>>> print(open('run01.pdb').read())   # PDB, C-alpha atoms
ATOM      1  CA  MET A  22     109.493 105.878  96.775
ATOM      2  CA  SER A  23     113.005 106.254  98.084
ATOM      3  CA  ASP A  24     114.574 104.915 101.222
ATOM      4  CA  GLU A  25     116.638 107.030 103.565
ATOM      5  CA  LEU A  26     117.998 106.698 107.050
ATOM      6  CA  LYS A  27     119.551 108.423 109.962
ATOM      7  CA  TYR A  28     122.309 106.374 111.559
ATOM      8  CA  ASN A  29     121.725 105.508 115.173
ATOM      9  CA  ASP A  30     124.847 104.826 117.230
ATOM     10  CA  SER A  31     122.932 102.508 119.522
ATOM     11  CA  ASP A  32     123.025  99.924 116.716
ATOM     12  CA  ASP A  33     126.602  99.320 117.834
ATOM     13  CA  GLU A  34     125.334  98.268 121.254
ATOM     14  CA  LEU A  35     123.285  95.343 119.988
ATOM     15  CA  PRO A  36     124.573  92.125 121.589
ATOM     16  CA  ASP A  37     125.028  88.784 119.862
ATOM     17  CA  LEU A  38     121.925  87.311 118.254
ATOM     18  CA  GLN A  39     120.994  84.771 120.926
ATOM     19  CA  SER A  40     121.373  87.318 123.721
ATOM     20  CA  TYR A  41     119.304  89.817 121.764
ATOM     21  CA  LEU A  42     116.531  87.302 121.122
ATOM     22  CA  ARG A  43     116.347  86.674 124.868
ATOM     23  CA  ASP A  44     116.183  90.427 125.500
ATOM     24  CA  LEU A  45     113.350  90.885 123.012
ATOM     25  CA  GLN A  46     111.465  87.984 124.575
ATOM     26  CA  SER A  47     111.901  89.569 128.007
ATOM     27  CA  LEU A  48     110.619  92.863 126.616
ATOM     28  CA  SER A  49     107.648  91.102 125.045
ATOM     29  CA  ASN A  50     106.721  89.494 128.363
ATOM     30  CA  TYR A  51     107.349  92.563 130.529
ATOM     31  CA  ASP A  52     104.501  93.695 132.766
ATOM     32  CA  PHE A  53     104.176  97.462 132.298
ATOM     33  CA  THR A  54     101.150  97.799 134.553
ATOM     34  CA  GLY A  55     101.240 101.040 136.545
ATOM     35  CA  LEU A  56     104.428 102.343 134.927
ATOM     36  CA  SER A  57     104.771 105.875 133.600
ATOM     37  CA  LYS A  58     105.452 106.709 129.957
ATOM     38  CA  GLU A  59     109.032 107.570 130.867
ATOM     39  CA  GLN A  60     109.539 104.234 132.623
ATOM     40  CA  ILE A  61     108.139 102.323 129.637
ATOM     41  CA  TYR A  62     110.413 104.306 127.334
ATOM     42  CA  ASN A  63     113.484 103.460 129.419
ATOM     43  CA  ILE A  64     112.610  99.772 129.721
ATOM     44  CA  TYR A  65     112.131  99.515 125.954
ATOM     45  CA  TYR A  66     115.591 100.948 125.340
ATOM     46  CA  ASP A  67     117.129  98.761 128.041
ATOM     47  CA  PHE A  68     116.096  95.660 126.091
ATOM     48  CA  ALA A  69     115.737  96.762 122.448
ATOM     49  CA  ARG A  70     118.502  99.425 122.492
ATOM     50  CA  THR A  71     117.097 101.306 119.482
ATOM     51  CA  ILE A  72     114.120 102.166 117.338
ATOM     52  CA  PRO A  73     115.097 101.549 113.698
ATOM     53  CA  ALA A  74     115.793 104.979 112.230
ATOM     54  CA  SER A  75     115.324 104.214 108.538
ATOM     55  CA  TYR A  76     112.340 105.604 106.697
ATOM     56  CA  SER A  77     110.908 105.867 103.206
ATOM     57  CA  SER A  78     109.970 109.030 101.407
ATOM     58  CA  MET A  79     107.083 109.154  98.971
ATOM     59  CA  GLU A  80     106.788 111.526  96.036
ATOM     60  CA  PRO A  81     103.646 113.674  95.973
ATOM     61  CA  SER A  82     102.507 112.148  92.671
ATOM     62  CA  VAL A  83     102.516 108.668  94.232
ATOM     63  CA  PHE A  84     100.937 109.716  97.519
ATOM     64  CA  ASN A  85      98.222 111.719  95.772
ATOM     65  CA  SER A  86      97.182 108.667  93.746
ATOM     66  CA  ILE A  87      96.218 106.655  96.859
ATOM     67  CA  ASP A  88      92.754 106.506  98.392
ATOM     68  CA  PHE A  89      92.789 106.492 102.206
ATOM     69  CA  TYR A  90      89.787 105.032 104.039
ATOM     70  CA  ARG A  91      88.760 105.965 107.552
ATOM     71  CA  VAL A  92      85.805 104.525 109.463
ATOM     72  CA  ARG A  93      83.743 105.739 112.381
ATOM     73  CA  LEU A  94      80.776 103.993 113.961
ATOM     74  CA  ASN A  95      77.464 105.245 115.335
ATOM     75  CA  ILE A  96      78.151 108.975 115.391
ATOM     76  CA  ASP A  97      75.875 110.705 117.898
ATOM     77  CA  ARG A  98      74.188 113.452 115.864
ATOM     78  CA  SER A  99      73.175 115.287 119.046
ATOM     79  CA  LYS A 100      76.877 115.850 119.838
ATOM     80  CA  GLU A 101      78.571 115.956 116.427
ATOM     81  CA  ASP A 102      77.722 117.518 113.097
ATOM     82  CA  ILE A 103      77.814 114.887 110.359
ATOM     83  CA  THR A 104      77.923 117.612 107.674
ATOM     84  CA  LEU A 105      81.445 118.700 108.727
ATOM     85  CA  ALA A 106      84.499 117.027 107.195
ATOM     86  CA  GLN A 107      86.331 117.445 110.508
ATOM     87  CA  THR A 108      83.862 115.024 112.108
ATOM     88  CA  TYR A 109      85.524 112.248 110.082
ATOM     89  CA  SER A 110      89.097 113.432 110.595
ATOM     90  CA  PHE A 111      91.399 113.083 113.612
ATOM     91  CA  PRO A 112      89.718 113.576 117.015
ATOM     92  CA  PRO A 113      90.584 116.507 119.309
ATOM     93  CA  PRO A 114      93.243 115.445 121.841
ATOM     94  CA  VAL A 115      90.806 115.999 124.705
ATOM     95  CA  PHE A 116      88.881 112.933 123.506
ATOM     96  CA  CYS A 117      92.016 110.755 123.394
ATOM     97  CA  THR A 118      91.646 109.600 126.967
ATOM     98  CA  GLU A 119      93.589 106.354 126.607
ATOM     99  CA  ASN A 120      96.364 104.800 124.579
ATOM    100  CA  GLY A 121      95.555 103.490 121.129
ATOM    101  CA  ARG A 122      97.661 101.180 119.002
ATOM    102  CA  ALA A 123      99.394 104.203 117.454
ATOM    103  CA  ASN A 124      98.752 107.022 119.916
ATOM    104  CA  VAL A 125      99.486 107.747 123.529
ATOM    105  CA  GLU A 126      96.862 109.134 125.854
ATOM    106  CA  GLY A 127      96.270 112.822 125.153
ATOM    107  CA  LYS A 128      97.734 112.742 121.631
ATOM    108  CA  SER A 129      95.635 112.499 118.493
ATOM    109  CA  VAL A 130      96.402 110.634 115.269
ATOM    110  CA  PHE A 131      94.413 109.969 112.103
ATOM    111  CA  TYR A 132      93.882 106.205 111.755
ATOM    112  CA  CYS A 133      93.129 104.897 108.274
ATOM    113  CA  SER A 134      93.970 102.221 105.713
ATOM    114  CA  HIS A 135      94.705 102.047 102.004
ATOM    115  CA  ASN A 136      92.364  99.045 101.879
ATOM    116  CA  LEU A 137      88.617  99.607 102.236
ATOM    117  CA  LYS A 138      87.883  96.158 103.672
ATOM    118  CA  THR A 139      90.687  96.489 106.207
ATOM    119  CA  ALA A 140      89.470  99.913 107.339
ATOM    120  CA  ILE A 141      86.012  98.472 108.021
ATOM    121  CA  ARG A 142      87.189  95.284 109.727
ATOM    122  CA  GLU A 143      89.651  97.126 111.976
ATOM    123  CA  VAL A 144      86.832  98.878 113.867
ATOM    124  CA  LYS A 145      85.098  95.501 114.456
ATOM    125  CA  PRO A 146      81.541  96.630 113.656
ATOM    126  CA  LYS A 147      78.644  94.756 115.198
ATOM    127  CA  ILE A 148      75.255  93.887 113.747
ATOM    128  CA  GLY A 149      73.134  97.034 113.765
ATOM    129  CA  ASP A 150      76.059  99.460 113.726
ATOM    130  CA  GLU A 151      75.868 102.493 111.454
ATOM    131  CA  VAL A 152      79.143 102.857 109.574
ATOM    132  CA  PHE A 153      80.509 106.177 108.323
ATOM    133  CA  LEU A 154      83.210 105.470 105.752
ATOM    134  CA  SER A 155      85.119 108.576 104.680
ATOM    135  CA  VAL A 156      87.435 108.605 101.679
ATOM    136  CA  TRP A 157      90.443 110.929 101.676
ATOM    137  CA  LYS A 158      92.722 111.927  98.815
ATOM    138  CA  GLY A 159      96.290 113.158  98.939
ATOM    139  CA  ARG A 160      97.083 116.754  98.087
ATOM    140  CA  ALA A 161     100.766 116.755  98.989
ATOM    141  CA  SER A 162     103.160 119.241  97.410
ATOM    142  CA  ARG A 163     106.328 117.773  98.963
ATOM    143  CA  LYS A 164     107.837 114.381  99.693
ATOM    144  CA  LEU A 165     106.240 112.638 102.633
ATOM    145  CA  LYS A 166     108.283 110.912 105.285
ATOM    146  CA  ILE A 167     106.982 107.444 106.208
ATOM    147  CA  GLY A 168     107.853 105.653 109.425
ATOM    148  CA  GLN A 169     107.765 101.906 108.897
ATOM    149  CA  CYS A 170     106.613  99.503 111.553
ATOM    150  CA  LEU A 171     106.689  96.645 109.067
ATOM    151  CA  PRO A 172     108.693  93.408 108.974
ATOM    152  CA  PRO A 173     111.458  93.149 106.340
ATOM    153  CA  LYS A 174     109.253  90.822 104.296
ATOM    154  CA  LEU A 175     105.532  90.962 103.633
ATOM    155  CA  PRO A 176     103.278  88.740 101.503
ATOM    156  CA  LYS A 177     103.703  89.480  97.789
ATOM    157  CA  SER A 178     100.077  90.562  97.561
ATOM    158  CA  ASN A 179     100.737  93.414 100.021
ATOM    159  CA  GLY A 180     101.485  96.518  97.966
ATOM    160  CA  TRP A 181     103.859  97.875 100.603
ATOM    161  CA  GLY A 182     106.163  94.845 100.651
ATOM    162  CA  GLU A 183     108.759  96.235  98.258
ATOM    163  CA  MET A 184     109.032  99.455 100.251
ATOM    164  CA  ALA A 185     109.472  97.514 103.513
ATOM    165  CA  GLU A 186     112.191  95.259 102.107
ATOM    166  CA  ASN A 187     114.041  98.107 100.387
ATOM    167  CA  SER A 188     114.031 100.183 103.549
ATOM    168  CA  PHE A 189     115.483  97.358 105.614
ATOM    169  CA  ASN A 190     118.143  96.533 103.026
ATOM    170  CA  THR A 191     119.117 100.191 102.759
ATOM    171  CA  LEU A 192     119.580 100.383 106.519
ATOM    172  CA  ILE A 193     121.884  97.371 106.435
ATOM    173  CA  ARG A 194     123.819  98.483 103.373
ATOM    174  CA  VAL A 195     124.491 102.099 104.285
ATOM    175  CA  THR A 196     125.031 102.006 108.040
ATOM    176  CA  LYS A 197     127.710 100.218 110.009
ATOM    177  CA  SER A 198     125.219  97.503 110.827
ATOM    178  CA  GLU A 199     126.117  94.719 108.381
ATOM    179  CA  GLU A 200     127.340  92.535 111.218
ATOM    180  CA  LYS A 201     124.103  93.278 113.110
ATOM    181  CA  ARG A 202     121.784  92.350 110.247
ATOM    182  CA  ASP A 203     120.148  89.418 112.026
ATOM    183  CA  GLN A 204     119.564  91.428 115.196
ATOM    184  CA  LEU A 205     118.002  94.328 113.298
ATOM    185  CA  GLU A 206     115.824  91.940 111.316
ATOM    186  CA  GLU A 207     114.557  90.452 114.573
ATOM    187  CA  LEU A 208     113.850  93.946 115.898
ATOM    188  CA  TYR A 209     111.870  94.860 112.765
ATOM    189  CA  LYS A 210     109.851  91.662 113.101
ATOM    190  CA  PHE A 211     109.362  92.255 116.828
ATOM    191  CA  ILE A 212     107.959  95.765 116.305
ATOM    192  CA  ALA A 213     105.698  94.705 113.424
ATOM    193  CA  ASN A 214     104.384  91.774 115.459
ATOM    194  CA  LYS A 215     103.636  94.036 118.419
ATOM    195  CA  PHE A 216     101.579  96.309 116.180
ATOM    196  CA  ARG A 217      99.579  93.253 115.125
ATOM    197  CA  THR A 218      99.180  91.546 118.480
ATOM    198  CA  GLU A 219      99.555  93.967 121.399
ATOM    199  CA  LYS A 220      96.418  94.459 123.458
ATOM    200  CA  ASN A 221      94.995  97.507 125.183
ATOM    201  CA  PRO A 222      96.553  99.597 126.764
ATOM    202  CA  TYR A 223      99.217  99.248 124.017
ATOM    203  CA  HIS A 224     102.196 100.127 126.188
ATOM    204  CA  LEU A 225     104.894  99.543 123.564
ATOM    205  CA  THR A 226     103.234 100.424 120.270
ATOM    206  CA  SER A 227     101.816 103.700 121.570
ATOM    207  CA  MET A 228     105.282 104.688 122.827
ATOM    208  CA  ILE A 229     106.985 103.754 119.542
ATOM    209  CA  SER A 230     104.317 105.659 117.598
ATOM    210  CA  TRP A 231     104.805 108.743 119.738
ATOM    211  CA  GLU A 232     108.555 108.605 119.065
ATOM    212  CA  LEU A 233     107.992 108.349 115.324
ATOM    213  CA  LEU A 234     105.171 110.889 114.974
ATOM    214  CA  TYR A 235     105.711 113.402 117.756
ATOM    215  CA  GLY A 236     109.341 112.873 118.776
ATOM    216  CA  GLN A 237     112.567 114.007 117.158
ATOM    217  CA  LEU A 238     112.352 111.165 114.624
ATOM    218  CA  TRP A 239     109.267 112.878 113.147
ATOM    219  CA  ARG A 240     107.329 111.210 110.350
ATOM    220  CA  ASP A 241     104.267 112.385 108.405
ATOM    221  CA  PHE A 242     102.675 109.016 109.038
ATOM    222  CA  ILE A 243     103.543 105.521 110.136
ATOM    223  CA  ILE A 244     102.483 102.289 108.499
ATOM    224  CA  TYR A 245     102.024  98.956 110.245
ATOM    225  CA  PRO A 246     100.517  95.526 109.451
ATOM    226  CA  SER A 247      96.797  95.031 109.814
ATOM    227  CA  VAL A 248      95.786  93.219 112.976
ATOM    228  CA  LEU A 249      93.274  91.036 111.178
ATOM    229  CA  ASP A 250      94.699  89.636 107.961
ATOM    230  CA  GLU A 251      98.191  88.245 108.560
ATOM    231  CA  GLY A 252      99.967  91.152 106.910
ATOM    232  CA  LEU A 253      98.010  91.114 103.643
ATOM    233  CA  SER A 254      97.213  94.821 104.068
ATOM    234  CA  CYS A 255      98.339  97.693 106.247
ATOM    235  CA  ASN A 256      97.050 100.475 108.447
ATOM    236  CA  MET A 257      98.341 104.023 108.715
ATOM    237  CA  ALA A 258      98.418 106.625 111.456
ATOM    238  CA  PHE A 259      99.021 110.247 110.420
ATOM    239  CA  HIS A 260     100.239 113.141 112.514
ATOM    240  CA  PRO A 261      97.349 115.668 112.657
ATOM    241  CA  ASN A 262      99.422 118.447 111.080
ATOM    242  CA  SER A 263     100.260 116.132 108.193
ATOM    243  CA  VAL A 264      96.546 115.448 107.679
ATOM    244  CA  SER A 265      95.785 119.167 107.517
ATOM    245  CA  GLU A 266      98.578 119.719 105.017
ATOM    246  CA  ASN A 267      98.452 116.587 102.884
ATOM    247  CA  LEU A 268      94.969 115.029 102.934
ATOM    248  CA  LYS A 269      91.598 116.241 101.714
ATOM    249  CA  PHE A 270      88.144 114.861 102.476
ATOM    250  CA  GLU A 271      86.635 113.500  99.255
ATOM    251  CA  LYS A 272      83.392 111.741 100.121
ATOM    252  CA  LEU A 273      81.318 109.915 102.707
ATOM    253  CA  ILE A 274      79.547 106.574 102.320
ATOM    254  CA  LYS A 275      77.122 105.386 104.995
ATOM    255  CA  PHE A 276      75.817 101.870 105.542
ATOM    256  CA  LYS A 277      74.516  99.549 108.262
ATOM    257  CA  ILE A 278      75.782  96.165 109.332
ATOM    258  CA  VAL A 279      72.990  93.638 108.824
ATOM    259  CA  ASP A 280      74.642  90.289 109.541
ATOM    260  CA  TYR A 281      77.779  88.171 109.502
ATOM    261  CA  ILE A 282      77.819  85.049 107.337
ATOM    262  CA  ASN A 283      80.954  82.862 107.386
ATOM    263  CA  ASP A 284      82.928  85.800 108.805
ATOM    264  CA  GLN A 285      81.814  87.994 105.898
ATOM    265  CA  ILE A 286      80.033  91.264 106.632
ATOM    266  CA  VAL A 287      76.530  91.660 105.245
ATOM    267  CA  PHE A 288      75.496  95.301 104.998
ATOM    268  CA  ASN A 289      72.751  97.587 103.776
ATOM    269  CA  LEU A 290      74.472 100.104 101.532
ATOM    270  CA  GLY A 291      72.750 103.453 101.198
ATOM    271  CA  THR A 292      72.077 104.952  97.780
ATOM    272  CA  LYS A 293      73.588 108.383  98.496
ATOM    273  CA  VAL A 294      77.173 109.578  98.813
ATOM    274  CA  GLY A 295      78.118 112.746 100.683
ATOM    275  CA  TYR A 296      80.543 115.270  99.222
ATOM    276  CA  LEU A 297      81.510 118.879  99.846
ATOM    277  CA  GLU A 298      80.499 121.678  97.528
ATOM    278  CA  ASN A 299      82.084 124.862  98.801
ATOM    279  CA  THR A 300      81.175 124.706 102.522
ATOM    280  CA  LYS A 301      78.105 122.480 102.214
ATOM    281  CA  MET A 302      77.763 118.725 102.537
ATOM    282  CA  LYS A 303      75.604 117.579  99.638
ATOM    283  CA  TRP A 304      74.372 114.172  98.552
ATOM    284  CA  ARG A 305      74.387 112.506  95.152
ATOM    285  CA  ASP A 306      73.524 109.052  93.847
ATOM    286  CA  ARG A 307      76.095 106.342  94.387
ATOM    287  CA  SER A 308      78.079 105.562  91.235
ATOM    288  CA  LYS A 309      78.661 102.114  89.746
ATOM    289  CA  GLU A 310      82.364 102.383  90.674
ATOM    290  CA  GLU A 311      81.479 103.133  94.289
ATOM    291  CA  THR A 312      79.094 100.195  94.372
ATOM    292  CA  ASN A 313      81.795  97.924  92.982
ATOM    293  CA  LEU A 314      84.107  98.920  95.841
ATOM    294  CA  PHE A 315      81.890  96.883  98.134
ATOM    295  CA  LYS A 316      81.821  93.781  95.984
TER     296      LYS A 316
END
>>> encode(input="run01.pdb", output="structure tokens")
Amino acid sequence: MSDELKYNDSDDELPDLQSYLRDLQSLSNYDFTGLSKEQIYNIYYDFARTIPASYSSMEPSVFNSIDFYRVRLNIDRSKEDITLAQTYSFPPPVFCTENGRANVEGKSVFYCSHNLKTAIREVKPKIGDEVFLSVWKGRASRKLKIGQCLPPKLPKSNGWGEMAENSFNTLIRVTKSEEKRDQLEELYKFIANKFRTEKNPYHLTSMISWELLYGQLWRDFIIYPSVLDEGLSCNMAFHPNSVSENLKFEKLIKFKIVDYINDQIVFNLGTKVGYLENTKMKWRDRSKEETNLFK
């Protein structure tokens, strides 16, 4: 992975550290109820001044080696066809009737994780829920552009920590922002924390995601800390066109949530795994490797 950036002149407008910390706290506490997307956008820039413009690029060989996990719950078979790969991909925009953590109302993204357990826990399944876990593989033929909504430092066990730190250090080293290092570090931490903690209707994170995925800062996907595990793993949100170009449905694993014991999910794992052969969804026996995924 390499780290690149586009210099943003608004970095020069960052005030001294203490003033900036107060501004970020004011932004964090702001009541956006009833405000339009444009008003939220303007208020964010009034306080934060900038969205960090650095990004990482990932070589196809690296991207294509990653498994991406996406989960849906309780699919209504009377309304959706569970034999179609698209059923497990990004939803049509018409069904995006409210903001999500990484999408604004009316805009679709493909939510997933590189970590199977995280992908399952993020949808907060309940006892009795039927879980449809789809596995997607990369098929990129070009470098992918990654928008980072990560803090400068992550736990060592998080596989994305080196990328996050390198990206931040590159921004500081190459731009005119050396004297603004502390302010930019606080902004990175602020954005990452919002992705972990902001509640519905996700006024700030949905706006930032739209800027990174649909705006002029375009990214193939963004990456942000998992809500549930203190930054030990990450979630991703892909632009739909990037999914169509760079991801391929590999298989489907279904199971039911049976119980929770000491915050651990107990499930009934089916014996069959769905896969596509030409245009047909077919089923085969679950392999030992696939069983071990759930241990």
>>> closest_atom_pairs(input="run01.pdb", of="region 147-191 of chain A", to="region 72-94 of chain A", cutoff="10 Å", atoms="all atoms listed in the file", output="CSV")
residue,atom,partner,partner_atom,distance
A:Lys147,CA,A:Leu94,CA,9.6
A:Asp150,CA,A:Leu94,CA,6.5
A:Glu151,CA,A:Leu94,CA,5.7
A:Val152,CA,A:Leu94,CA,4.8
A:Phe153,CA,A:Arg93,CA,5.2
A:Leu154,CA,A:Val92,CA,4.6
A:Ser155,CA,A:Arg91,CA,5.3
A:Val156,CA,A:Tyr90,CA,4.9
A:Trp157,CA,A:Phe89,CA,5.0
A:Lys158,CA,A:Asp88,CA,5.4
A:Gly159,CA,A:Asn85,CA,4.0
A:Arg160,CA,A:Asn85,CA,5.7
A:Ala161,CA,A:Pro81,CA,5.2
A:Ser162,CA,A:Pro81,CA,5.8
A:Arg163,CA,A:Pro81,CA,5.7
A:Lys164,CA,A:Glu80,CA,4.8
A:Leu165,CA,A:Met79,CA,5.1
A:Lys166,CA,A:Ser78,CA,4.6
A:Ile167,CA,A:Ser77,CA,5.2
A:Gly168,CA,A:Tyr76,CA,5.3
A:Gln169,CA,A:Tyr76,CA,6.3
A:Cys170,CA,A:Pro73,CA,9.0
A:Met184,CA,A:Ser77,CA,7.3
A:Ala185,CA,A:Ser77,CA,8.5
A:Asn187,CA,A:Ser77,CA,8.8
A:Ser188,CA,A:Tyr76,CA,6.5
A:Phe189,CA,A:Ser75,CA,7.5
A:Asn190,CA,A:Ser75,CA,9.9
A:Thr191,CA,A:Ser75,CA,8.0
>>> residues_around(input="run01.pdb", residues="region 128-138 of chain A", least_positions_apart="5", cutoff="8 Å", atoms="all atoms listed in the file", output="MDAnalysis selection string")
chainID A and resid 87:92 110:114 117 123 254:261 264 314
>>> residues_around(input="run01.pdb", residues="Tyr66 (chain A)", least_positions_apart="6", cutoff="12 Å", atoms="all atoms listed in the file", output="PyMOL selection string")
chain A and resi 31-32+34-35+44-45+48+59-60+72-73+208+225+228-229
>>> resolve_selection(input="run01.pdb", expression="the PyMOL selection byres ((chain A and resi 295-306) around 8)", output="JSON, numbers by chain")
{"A": [104, 105, 271, 272, 273, 274, 292, 293, 294, 307, 308]}
>>> resolve_selection(input="run01.pdb", expression="the PyMOL selection byres ((chain A and resi 50) around 12)", output="CSV table (one decimal) with C-alpha atoms, keeping the file's coordinate frame")
chain,number,residue,atom,x,y,z
A,43,ARG,CA,116.3,86.7,124.9
A,44,ASP,CA,116.2,90.4,125.5
A,45,LEU,CA,113.4,90.9,123.0
A,46,GLN,CA,111.5,88.0,124.6
A,47,SER,CA,111.9,89.6,128.0
A,48,LEU,CA,110.6,92.9,126.6
A,49,SER,CA,107.6,91.1,125.0
A,51,TYR,CA,107.3,92.6,130.5
A,52,ASP,CA,104.5,93.7,132.8
A,53,PHE,CA,104.2,97.5,132.3
A,54,THR,CA,101.2,97.8,134.6
A,64,ILE,CA,112.6,99.8,129.7
A,65,TYR,CA,112.1,99.5,126.0
A,68,PHE,CA,116.1,95.7,126.1
A,215,LYS,CA,103.6,94.0,118.4
A,219,GLU,CA,99.6,94.0,121.4
A,224,HIS,CA,102.2,100.1,126.2
A,225,LEU,CA,104.9,99.5,123.6
>>> resolve_selection(input="run01.pdb", expression="the PyMOL selection byres ((chain A and resi 172-176) around 6)", output="PyMOL selection string")
chain A and resi 171+177-179+182+185-186+189+209-210+213
>>> atom_distance(input="run01.pdb", atom1="CA of Lys269 (chain A)", atom2="CA of Thr312 (chain A)")
21.6 Å
>>> atom_distance(input="run01.pdb", atom1="CA of Asn221 (chain A)", atom2="CA of Arg98 (chain A)")
27.8 Å
>>> closest_residue(input="run01.pdb", among="A:Ser247, A:Ser227, A:Gln204, A:Asn95", to="Arg70 (chain A)", atoms="all atoms listed in the file")
A:Gln204
>>> atom_distance(input="run01.pdb", atom1="CA of Tyr245 (chain A)", atom2="CA of Arg217 (chain A)")
7.9 Å
>>> decode(input="run01.pdb", residues="region 251-285 of chain A", atoms="C-alpha atoms", output="JSON list (two decimals), in the first residue's frame")
[["chain", "number", "residue", "atom", "x", "y", "z"],
["A", 251, "GLU", "CA", -12.38, -0.68, 20.59],
["A", 252, "GLY", "CA", -10.62, -0.45, 17.25],
["A", 253, "LEU", "CA", -9.39, -4.05, 17.10],
["A", 254, "SER", "CA", -10.96, -4.45, 13.65],
["A", 255, "CYS", "CA", -12.47, -2.24, 10.98],
["A", 256, "ASN", "CA", -15.49, -1.86, 8.76],
["A", 257, "MET", "CA", -15.60, -0.77, 5.14],
["A", 258, "ALA", "CA", -18.14, 1.01, 2.97],
["A", 259, "PHE", "CA", -17.71, 0.73, -0.81],
["A", 260, "HIS", "CA", -19.10, 2.96, -3.52],
["A", 261, "PRO", "CA", -21.54, 0.80, -5.56],
["A", 262, "ASN", "CA", -19.62, 1.31, -8.80],
["A", 263, "SER", "CA", -16.46, 0.13, -7.07],
["A", 264, "VAL", "CA", -18.27, -3.02, -5.93],
["A", 265, "SER", "CA", -19.38, -3.78, -9.49],
["A", 266, "GLU", "CA", -15.86, -3.27, -10.79],
["A", 267, "ASN", "CA", -13.70, -4.69, -8.01],
["A", 268, "LEU", "CA", -15.62, -7.28, -5.97],
["A", 269, "LYS", "CA", -17.07, -10.67, -6.84],
["A", 270, "PHE", "CA", -19.54, -12.79, -4.88],
["A", 271, "GLU", "CA", -17.79, -15.99, -3.79],
["A", 272, "LYS", "CA", -20.13, -17.87, -1.47],
["A", 273, "LEU", "CA", -23.00, -17.75, 0.98],
["A", 274, "ILE", "CA", -23.15, -19.29, 4.46],
["A", 275, "LYS", "CA", -26.44, -19.39, 6.35],
["A", 276, "PHE", "CA", -26.96, -19.97, 10.06],
["A", 277, "LYS", "CA", -29.35, -19.16, 12.91],
["A", 278, "ILE", "CA", -28.67, -17.44, 16.19],
["A", 279, "VAL", "CA", -29.54, -19.85, 19.00],
["A", 280, "ASP", "CA", -28.36, -18.06, 22.14],
["A", 281, "TYR", "CA", -25.92, -15.65, 23.76],
["A", 282, "ILE", "CA", -23.64, -16.96, 26.50],
["A", 283, "ASN", "CA", -21.26, -14.49, 28.19],
["A", 284, "ASP", "CA", -21.68, -12.13, 25.23],
["A", 285, "GLN", "CA", -20.64, -14.90, 22.83]]
